[in-house]
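Okay, start_4.pdb is below, PDB, C-alpha atoms:
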```pdb
ATOM      1  CA  MET A   2      91.110 116.732  96.147
ATOM      2  CA  LEU A   3      89.212 113.574  97.141
ATOM      3  CA  GLU A   4      85.960 112.425  95.518
ATOM      4  CA  VAL A   5      84.294 109.232  96.702
ATOM      5  CA  ASN A   6      81.283 108.316  94.574
ATOM      6  CA  GLN A   7      78.820 105.553  95.466
ATOM      7  CA  ILE A   8      81.426 103.024  96.578
ATOM      8  CA  GLU A   9      80.434  99.534  97.662
ATOM      9  CA  THR A  10      82.788  97.248  99.582
ATOM     10  CA  PHE A  11      82.551  93.649 100.770
ATOM     11  CA  TYR A  12      84.237  91.504 103.397
ATOM     12  CA  GLY A  13      84.115  88.162 101.666
ATOM     13  CA  GLU A  14      80.431  87.610 100.866
ATOM     14  CA  SER A  15      79.220  90.217 103.377
ATOM     15  CA  GLN A  16      78.571  93.699 102.046
ATOM     16  CA  ALA A  17      79.814  96.479 104.333
ATOM     17  CA  LEU A  18      79.364  99.632 102.239
ATOM     18  CA  PHE A  19      76.221 100.286 100.212
ATOM     19  CA  GLY A  20      76.957 103.628  98.581
ATOM     20  CA  ILE A  21      79.322 106.116 100.203
ATOM     21  CA  ASP A  22      79.601 109.657  98.837
ATOM     22  CA  LEU A  23      82.011 112.223 100.220
ATOM     23  CA  THR A  24      84.370 114.934  99.018
ATOM     24  CA  VAL A  25      87.341 116.684 100.596
ATOM     25  CA  ALA A  26      88.440 119.939  98.998
ATOM     26  CA  ALA A  27      91.968 121.316  99.235
ATOM     27  CA  GLY A  28      92.573 122.828 102.673
ATOM     28  CA  GLU A  29      89.314 121.464 104.073
ATOM     29  CA  LEU A  30      88.700 119.388 107.209
ATOM     30  CA  VAL A  31      85.843 116.925 106.718
ATOM     31  CA  ALA A  32      84.433 115.032 109.706
ATOM     32  CA  LEU A  33      83.326 111.474 108.900
ATOM     33  CA  MET A  34      80.688 110.620 111.470
ATOM     34  CA  GLY A  35      78.333 107.832 112.485
ATOM     35  CA  ARG A  36      77.643 105.336 115.233
ATOM     36  CA  ASN A  37      79.919 102.337 115.745
ATOM     37  CA  GLY A  38      79.657  99.772 112.974
ATOM     38  CA  MET A  39      78.213 102.137 110.366
ATOM     39  CA  GLY A  40      81.178 101.913 107.989
ATOM     40  CA  LYS A  41      83.565 104.742 108.883
ATOM     41  CA  SER A  42      86.727 102.625 109.145
ATOM     42  CA  THR A  43      85.742 100.540 106.125
ATOM     43  CA  THR A  44      85.295 103.756 104.136
ATOM     44  CA  ILE A  45      88.802 104.857 105.104
ATOM     45  CA  ARG A  46      90.236 101.432 104.289
ATOM     46  CA  SER A  47      88.473 101.569 100.925
ATOM     47  CA  VAL A  48      89.887 105.000 100.121
ATOM     48  CA  CYS A  49      93.386 103.701 100.931
ATOM     49  CA  GLN A  50      92.711 100.467  98.974
ATOM     50  CA  LEU A  51      93.286  98.319 102.052
ATOM     51  CA  ASN A  52      89.835  96.972 101.165
ATOM     52  CA  GLN A  53      89.013  96.449  97.522
ATOM     53  CA  VAL A  54      86.154  98.577  96.222
ATOM     54  CA  SER A  55      83.673  96.455  94.247
ATOM     55  CA  SER A  56      81.867  99.365  92.578
ATOM     56  CA  GLY A  57      81.900 103.144  92.517
ATOM     57  CA  SER A  58      84.956 105.393  92.249
ATOM     58  CA  VAL A  59      87.598 106.950  94.459
ATOM     59  CA  ILE A  60      89.369 109.864  92.744
ATOM     60  CA  PHE A  61      92.277 111.548  94.502
ATOM     61  CA  ASP A  62      94.071 114.495  92.934
ATOM     62  CA  GLY A  63      92.910 113.300  89.515
ATOM     63  CA  HIS A  64      93.923 109.644  90.015
ATOM     64  CA  ASP A  65      91.531 106.675  90.164
ATOM     65  CA  LEU A  66      92.618 104.912  93.355
ATOM     66  CA  THR A  67      90.546 101.784  92.735
ATOM     67  CA  LYS A  68      93.146 100.631  90.206
ATOM     68  CA  LEU A  69      96.067 101.020  92.622
ATOM     69  CA  LYS A  70      97.773  99.147  95.457
ATOM     70  CA  PRO A  71      97.868 100.672  98.967
ATOM     71  CA  TYR A  72     101.542 101.660  98.697
ATOM     72  CA  GLN A  73     100.791 103.471  95.429
ATOM     73  CA  VAL A  74      97.963 105.362  97.131
ATOM     74  CA  ALA A  75     100.367 106.440  99.869
ATOM     75  CA  ARG A  76     102.916 107.611  97.303
ATOM     76  CA  LEU A  77     100.287 109.835  95.670
ATOM     77  CA  GLY A  78     100.012 111.783  98.917
ATOM     78  CA  ILE A  79      97.551 110.170 101.341
ATOM     79  CA  GLY A  80      98.852 109.855 104.893
ATOM     80  CA  LEU A  81      96.906 107.448 107.120
ATOM     81  CA  VAL A  82      96.745 107.457 110.915
ATOM     82  CA  PRO A  83      94.969 104.119 111.426
ATOM     83  CA  GLU A  84      92.667 103.131 114.236
ATOM     84  CA  GLY A  85      94.759 101.429 116.888
ATOM     85  CA  ARG A  86      97.866 103.526 115.993
ATOM     86  CA  ARG A  87      99.964 100.546 114.766
ATOM     87  CA  CYS A  88     103.362 102.022 115.485
ATOM     88  CA  PHE A  89     106.357  99.813 114.696
ATOM     89  CA  SER A  90     106.930  98.422 118.197
ATOM     90  CA  ASN A  91     110.522  97.276 117.640
ATOM     91  CA  LEU A  92     111.661 100.685 116.331
ATOM     92  CA  THR A  93     112.458 103.779 118.341
ATOM     93  CA  VAL A  94     110.348 106.916 118.167
ATOM     94  CA  GLN A  95     112.805 108.576 115.795
ATOM     95  CA  GLU A  96     113.100 105.446 113.633
ATOM     96  CA  ASN A  97     109.293 105.214 113.364
ATOM     97  CA  MET A  98     109.240 108.743 112.027
ATOM     98  CA  ILE A  99     112.130 108.649 109.579
ATOM     99  CA  VAL A 100     111.319 105.236 108.123
ATOM    100  CA  THR A 101     108.363 106.760 106.246
ATOM    101  CA  ALA A 102     109.933 110.143 105.505
ATOM    102  CA  SER A 103     109.746 111.717 102.071
ATOM    103  CA  GLN A 104     110.923 115.054 100.688
ATOM    104  CA  GLY A 105     108.916 118.050 101.789
ATOM    105  CA  ALA A 106     108.178 120.591 104.501
ATOM    106  CA  TRP A 107     107.569 118.008 107.221
ATOM    107  CA  ASP A 108     110.845 116.695 108.582
ATOM    108  CA  TYR A 109     111.875 115.301 111.958
ATOM    109  CA  GLN A 110     112.500 118.708 113.528
ATOM    110  CA  LYS A 111     109.144 120.100 112.452
ATOM    111  CA  ALA A 112     107.322 116.983 113.662
ATOM    112  CA  VAL A 113     108.882 117.109 117.142
ATOM    113  CA  ALA A 114     108.124 120.833 117.277
ATOM    114  CA  LEU A 115     104.454 119.868 116.849
ATOM    115  CA  PHE A 116     104.764 117.095 119.463
ATOM    116  CA  PRO A 117     107.640 117.957 121.841
ATOM    117  CA  ARG A 118     107.033 114.754 123.847
ATOM    118  CA  LEU A 119     108.319 112.763 120.876
ATOM    119  CA  GLY A 120     111.586 114.671 120.869
ATOM    120  CA  GLU A 121     112.011 113.908 124.568
ATOM    121  CA  ARG A 122     111.458 110.195 123.876
ATOM    122  CA  SER A 123     113.259 109.928 120.542
ATOM    123  CA  GLY A 124     115.394 106.952 121.615
ATOM    124  CA  GLN A 125     112.619 104.956 123.280
ATOM    125  CA  LEU A 126     111.019 101.959 121.618
ATOM    126  CA  ALA A 127     107.503 102.732 120.446
ATOM    127  CA  ASN A 128     105.970  99.992 122.591
ATOM    128  CA  THR A 129     107.203 101.732 125.753
ATOM    129  CA  LEU A 130     105.127 104.850 125.048
ATOM    130  CA  SER A 131     101.727 105.598 126.518
ATOM    131  CA  GLY A 132      98.681 105.296 124.275
ATOM    132  CA  GLY A 133      98.538 109.058 123.814
ATOM    133  CA  GLU A 134     102.215 109.276 122.930
ATOM    134  CA  GLN A 135     101.770 106.454 120.414
ATOM    135  CA  GLN A 136      98.930 108.409 118.817
ATOM    136  CA  MET A 137     101.184 111.441 118.539
ATOM    137  CA  LEU A 138     103.819 109.208 116.962
ATOM    138  CA  ALA A 139     101.311 107.771 114.469
ATOM    139  CA  ILE A 140     100.316 111.300 113.427
ATOM    140  CA  ALA A 141     103.943 112.449 113.177
ATOM    141  CA  ARG A 142     104.840 109.364 111.133
ATOM    142  CA  ALA A 143     102.018 110.141 108.676
ATOM    143  CA  LEU A 144     103.081 113.799 108.452
ATOM    144  CA  MET A 145     106.647 112.742 107.645
ATOM    145  CA  THR A 146     105.323 111.286 104.368
ATOM    146  CA  ASN A 147     104.411 114.910 103.513
ATOM    147  CA  PRO A 148     100.834 114.065 102.535
ATOM    148  CA  LYS A 149      98.425 116.182 100.539
ATOM    149  CA  LEU A 150      95.573 114.559 102.498
ATOM    150  CA  LEU A 151      95.821 113.356 106.104
ATOM    151  CA  ILE A 152      93.288 110.732 107.227
ATOM    152  CA  LEU A 153      92.837 110.164 110.959
ATOM    153  CA  ASP A 154      90.719 107.215 112.089
ATOM    154  CA  GLU A 155      89.580 107.688 115.721
ATOM    155  CA  ALA A 156      91.947 110.578 116.370
ATOM    156  CA  THR A 157      91.524 110.737 120.170
ATOM    157  CA  GLU A 158      89.739 107.515 121.125
ATOM    158  CA  GLY A 159      90.581 106.242 124.594
ATOM    159  CA  LEU A 160      93.063 109.007 125.396
ATOM    160  CA  ALA A 161      93.402 110.988 128.622
ATOM    161  CA  PRO A 162      91.792 114.451 128.552
ATOM    162  CA  LEU A 163      95.143 116.306 128.577
ATOM    163  CA  ILE A 164      96.465 114.251 125.650
ATOM    164  CA  ARG A 165      93.202 114.761 123.775
ATOM    165  CA  GLN A 166      93.653 118.531 124.119
ATOM    166  CA  GLU A 167      97.188 118.273 122.708
ATOM    167  CA  ILE A 168      95.973 116.230 119.728
ATOM    168  CA  TRP A 169      93.158 118.686 118.961
ATOM    169  CA  ALA A 170      95.600 121.602 119.267
ATOM    170  CA  ALA A 171      97.910 119.874 116.768
ATOM    171  CA  ILE A 172      94.996 119.315 114.374
ATOM    172  CA  GLU A 173      94.218 123.035 114.529
ATOM    173  CA  VAL A 174      97.854 123.801 113.653
ATOM    174  CA  LEU A 175      97.581 121.504 110.621
ATOM    175  CA  MET A 176      94.353 123.225 109.589
ATOM    176  CA  ARG A 177      96.014 126.642 109.742
ATOM    177  CA  GLU A 178      98.780 125.295 107.503
ATOM    178  CA  GLY A 179      96.118 124.385 104.931
ATOM    179  CA  LEU A 180      96.463 120.603 105.068
ATOM    180  CA  SER A 181      93.421 118.675 103.802
ATOM    181  CA  ILE A 182      92.101 116.356 106.529
ATOM    182  CA  LEU A 183      89.514 113.569 106.725
ATOM    183  CA  LEU A 184      88.826 112.953 110.396
ATOM    184  CA  VAL A 185      86.934 110.319 112.396
ATOM    185  CA  ASP A 186      86.361 110.872 116.106
ATOM    186  CA  LYS A 187      83.617 110.383 118.678
ATOM    187  CA  SER A 188      83.923 113.859 120.213
ATOM    188  CA  LEU A 189      80.997 115.628 118.555
ATOM    189  CA  LYS A 190      81.742 118.957 120.234
ATOM    190  CA  GLU A 191      85.315 119.047 118.951
ATOM    191  CA  LEU A 192      84.385 117.781 115.492
ATOM    192  CA  LEU A 193      81.752 120.450 114.989
ATOM    193  CA  ARG A 194      84.218 123.109 116.159
ATOM    194  CA  VAL A 195      86.958 122.237 113.644
ATOM    195  CA  ALA A 196      85.112 120.737 110.649
ATOM    196  CA  SER A 197      84.227 122.671 107.528
ATOM    197  CA  GLN A 198      81.956 119.841 106.329
ATOM    198  CA  CYS A 199      80.356 116.793 107.964
ATOM    199  CA  VAL A 200      79.504 113.442 106.361
ATOM    200  CA  VAL A 201      77.286 111.100 108.379
ATOM    201  CA  LEU A 202      77.074 107.371 107.675
ATOM    202  CA  GLU A 203      74.307 104.978 108.587
ATOM    203  CA  LYS A 204      74.324 101.258 107.772
ATOM    204  CA  GLY A 205      77.172 101.597 105.288
ATOM    205  CA  ALA A 206      75.741 104.506 103.288
ATOM    206  CA  THR A 207      75.947 108.293 103.356
ATOM    207  CA  CYS A 208      72.762 109.524 105.005
ATOM    208  CA  TRP A 209      73.568 113.211 105.557
ATOM    209  CA  GLN A 210      76.260 115.697 104.621
ATOM    210  CA  GLY A 211      76.564 119.408 105.004
ATOM    211  CA  ASN A 212      77.807 122.334 107.051
ATOM    212  CA  PRO A 213      78.402 121.675 110.786
ATOM    213  CA  ALA A 214      76.051 124.547 111.615
ATOM    214  CA  ASP A 215      73.239 122.640 109.868
ATOM    215  CA  LEU A 216      73.712 119.478 111.951
ATOM    216  CA  THR A 217      70.887 120.202 114.384
ATOM    217  CA  PRO A 218      70.539 118.484 117.773
ATOM    218  CA  GLU A 219      67.636 116.506 116.288
ATOM    219  CA  LEU A 220      69.769 115.218 113.404
ATOM    220  CA  ALA A 221      72.666 114.480 115.754
ATOM    221  CA  ASP A 222      70.392 112.487 118.047
ATOM    222  CA  ARG A 223      68.873 110.627 115.096
ATOM    223  CA  TYR A 224      72.133 109.582 113.468
ATOM    224  CA  LEU A 225      74.741 109.818 116.229
ATOM    225  CA  GLY A 226      72.899 109.349 119.525
ATOM    226  CA  VAL A 227      73.231 106.212 121.606
TER     227      VAL A 227
END
```

Using structure tokens, write down the structure from this file.
Amino acid sequence: MLEVNQIETFYGESQALFGIDLTVAAGELVALMGRNGMGKSTTIRSVCQLNQVSSGSVIFDGHDLTKLKPYQVARLGIGLVPEGRRCFSNLTVQENMIVTASQGAWDYQKAVALFPRLGERSGQLANTLSGGEQQMLAIARALMTNPKLLILDEATEGLAPLIRQEIWAAIEVLMREGLSILLVDKSLKELLRVASQCVVLEKGATCWQGNPADLTPELADRYLGV
């Protein structure tokens, strides 16, 4: 479904990505891993064309994304849950969800069934929610676009343990439904439990990829340890 081949990306004159390779097959959850500053968010931004790719290719469902604008990428079926959540603060919970809605299985009722807290707070402004509730809203908003591929950047960062459990439980529901997912998170234990493949970045390049069972403690310490 998604094929990223040797992409390079710059911020102005500074090169951030030096050759990223990753694939996400239909129905697969791929964990994108690496220490802070290694290029995970830039990779996601490059896939979504929020950062222009200078070389390499990004093919999604047969389409070359490097020739498209971000809104065109979204219309092809990529739903993004960005780092920092970025809910529309001056809209209510329900308005945040329906403003992005498109035809498909995911509608308002199904989204609030996944996250009942959102149904309870449907009339509240997004900026009155807790951080965890805003993350739920960001995920629900992305699902309401009915994506073929869901990308979550820092899925549970900074959230209370109970909220983290609810987010991981929701991700498992999405996996059972067969949704393709590209996921960034710092919780190695949870990532290795849910991922079908892992891609590890170091200094803006893919340094390891494979089955979670093959990511040994030595490799994890080498590429992910503090």

_Who sits within 9 Å of region 41-43 of chain A, only C-alpha atoms, same chain under 5 positions skipped, as a list of chain:residue names_ = A:Thr10, A:Ala17, A:Leu18, A:Leu33, A:Met34, A:Gly35, A:Arg36, A:Val48, A:Leu51, A:Asn52, A:Pro83, A:Glu84, A:Asp154, A:Glu155, A:Val185, A:Val201, A:Leu202, A:Gly205

*asked:* Let me make sure I understand: among A:Thr24, A:Asn37, A:Ser103, A:Gln53, which one has the smallest atom-to-atom distance to Glu9 (chain A) if we use only C-alpha atoms?
replied: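 The closest residue to Glu9 (chain A) is A:Gln53.
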
*Step by step, work through what the PyMOL selection byres ((chain A and resi 224) around 12) selects in the shown file, and finish by giving those residues as a PyMOL selection string.*
chain A and resi 34-37+39+189+200-204+206-210+216-223+225-227

*Let me know the residues the PyMOL selection byres ((chain A and resi 151) around 10) catches in the file above, as a count of residues only.*
23

*Test item: the PyMOL selection byres ((chain A and resi 90) around 8) resolved as number ranges by chain*: A: 88-89, 91-93, 126-128

*Which polymer residues, protein or nucleic acid, are no farther than 9 Å from (82.2, 107.6, 99.7), counting all atoms listed in the file, as a VMD selection string?*
chain A and resid 4 to 9 18 20 to 24 44 to 45 47 to 48 57 to 59 206 to 207

*Rank nothing, just name the residue among A:Val54, A:Met2, A:Phe11, A:Glu173 nearest to Leu77 (chain A), using all atoms listed in the file.*
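Answer, going by the shortest atom-to-atom distance: A:Met2.
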
_Between CA of Leu3 (chain A) and CA of Gln166 (chain A), what distance in Å does the model show, to one decimal?_
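Separation between CA of Leu3 (chain A) and CA of Gln166 (chain A): 27.8 Å.
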
Using the file's own x, y and z axes, what box holds all listed atoms of region 198-209 of chain A with 3 Å on each side, keeping edges along x, y and z, and what are its centre and edge lengths in Å to one decimal, as AutoDock Vina command-line options?
```
--center_x 77.4 --center_y 110.5 --center_z 105.9 --size_x 15.2 --size_y 24.6 --size_z 11.3
```

Please return as a compact mmCIF listing (two decimals) with C-alpha atoms, in the frame of the given file every residue within 9 Å of (110.9, 111.3, 108.9), taking into account only C-alpha atoms and the file's own coordinates.
```
# COMPACT_ATOMS: atom_id res chain seq x y z
CA GLN A 95 112.80 108.58 115.80
CA GLU A 96 113.10 105.45 113.63
CA ASN A 97 109.29 105.21 113.36
CA MET A 98 109.24 108.74 112.03
CA ILE A 99 112.13 108.65 109.58
CA VAL A 100 111.32 105.24 108.12
CA THR A 101 108.36 106.76 106.25
CA ALA A 102 109.93 110.14 105.50
CA SER A 103 109.75 111.72 102.07
CA TRP A 107 107.57 118.01 107.22
CA ASP A 108 110.84 116.70 108.58
CA TYR A 109 111.88 115.30 111.96
CA GLN A 110 112.50 118.71 113.53
CA ALA A 112 107.32 116.98 113.66
CA ALA A 141 103.94 112.45 113.18
CA ARG A 142 104.84 109.36 111.13
CA ALA A 143 102.02 110.14 108.68
CA LEU A 144 103.08 113.80 108.45
CA MET A 145 106.65 112.74 107.64
CA THR A 146 105.32 111.29 104.37
```

*Long-range neighbours of Pro213 (chain A) as a PyMOL selection string, 10 Å cut-off, all atoms listed in the file, 5 positions minimum in chain*: chain A and resi 31-32+192-200

Save out the residues we just selected, C-alpha atoms, as a short mmCIF file (atom, residue, chain, number, x, y, z; two decimals), in the frame of the given file.
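To be explicit, this is the file written out as selection_2.cif:
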```
data_model
loop_
_atom_site.label_atom_id
_atom_site.label_comp_id
_atom_site.auth_asym_id
_atom_site.auth_seq_id
_atom_site.Cartn_x
_atom_site.Cartn_y
_atom_site.Cartn_z
CA VAL A 31 85.84 116.92 106.72
CA ALA A 32 84.43 115.03 109.71
CA LEU A 192 84.38 117.78 115.49
CA LEU A 193 81.75 120.45 114.99
CA ARG A 194 84.22 123.11 116.16
CA VAL A 195 86.96 122.24 113.64
CA ALA A 196 85.11 120.74 110.65
CA SER A 197 84.23 122.67 107.53
CA GLN A 198 81.96 119.84 106.33
CA CYS A 199 80.36 116.79 107.96
CA VAL A 200 79.50 113.44 106.36
#
```

*For CA of Ser123 (chain A) and CA of Arg165 (chain A), determine how far apart the two atoms are, in Å to one decimal place.*
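Separation of CA of Ser123 (chain A) and CA of Arg165 (chain A): 20.9 Å.
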
*So, counting all atoms listed in the file, which residue among A:Arg76, A:Gln135, A:Lys70, A:Tyr12 is closest to Ser55 (chain A)?*
A:Tyr12

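Across the model, the gap from CA of Glu134 (chain A) to CA of Ala171 (chain A) is 13.0 Å.
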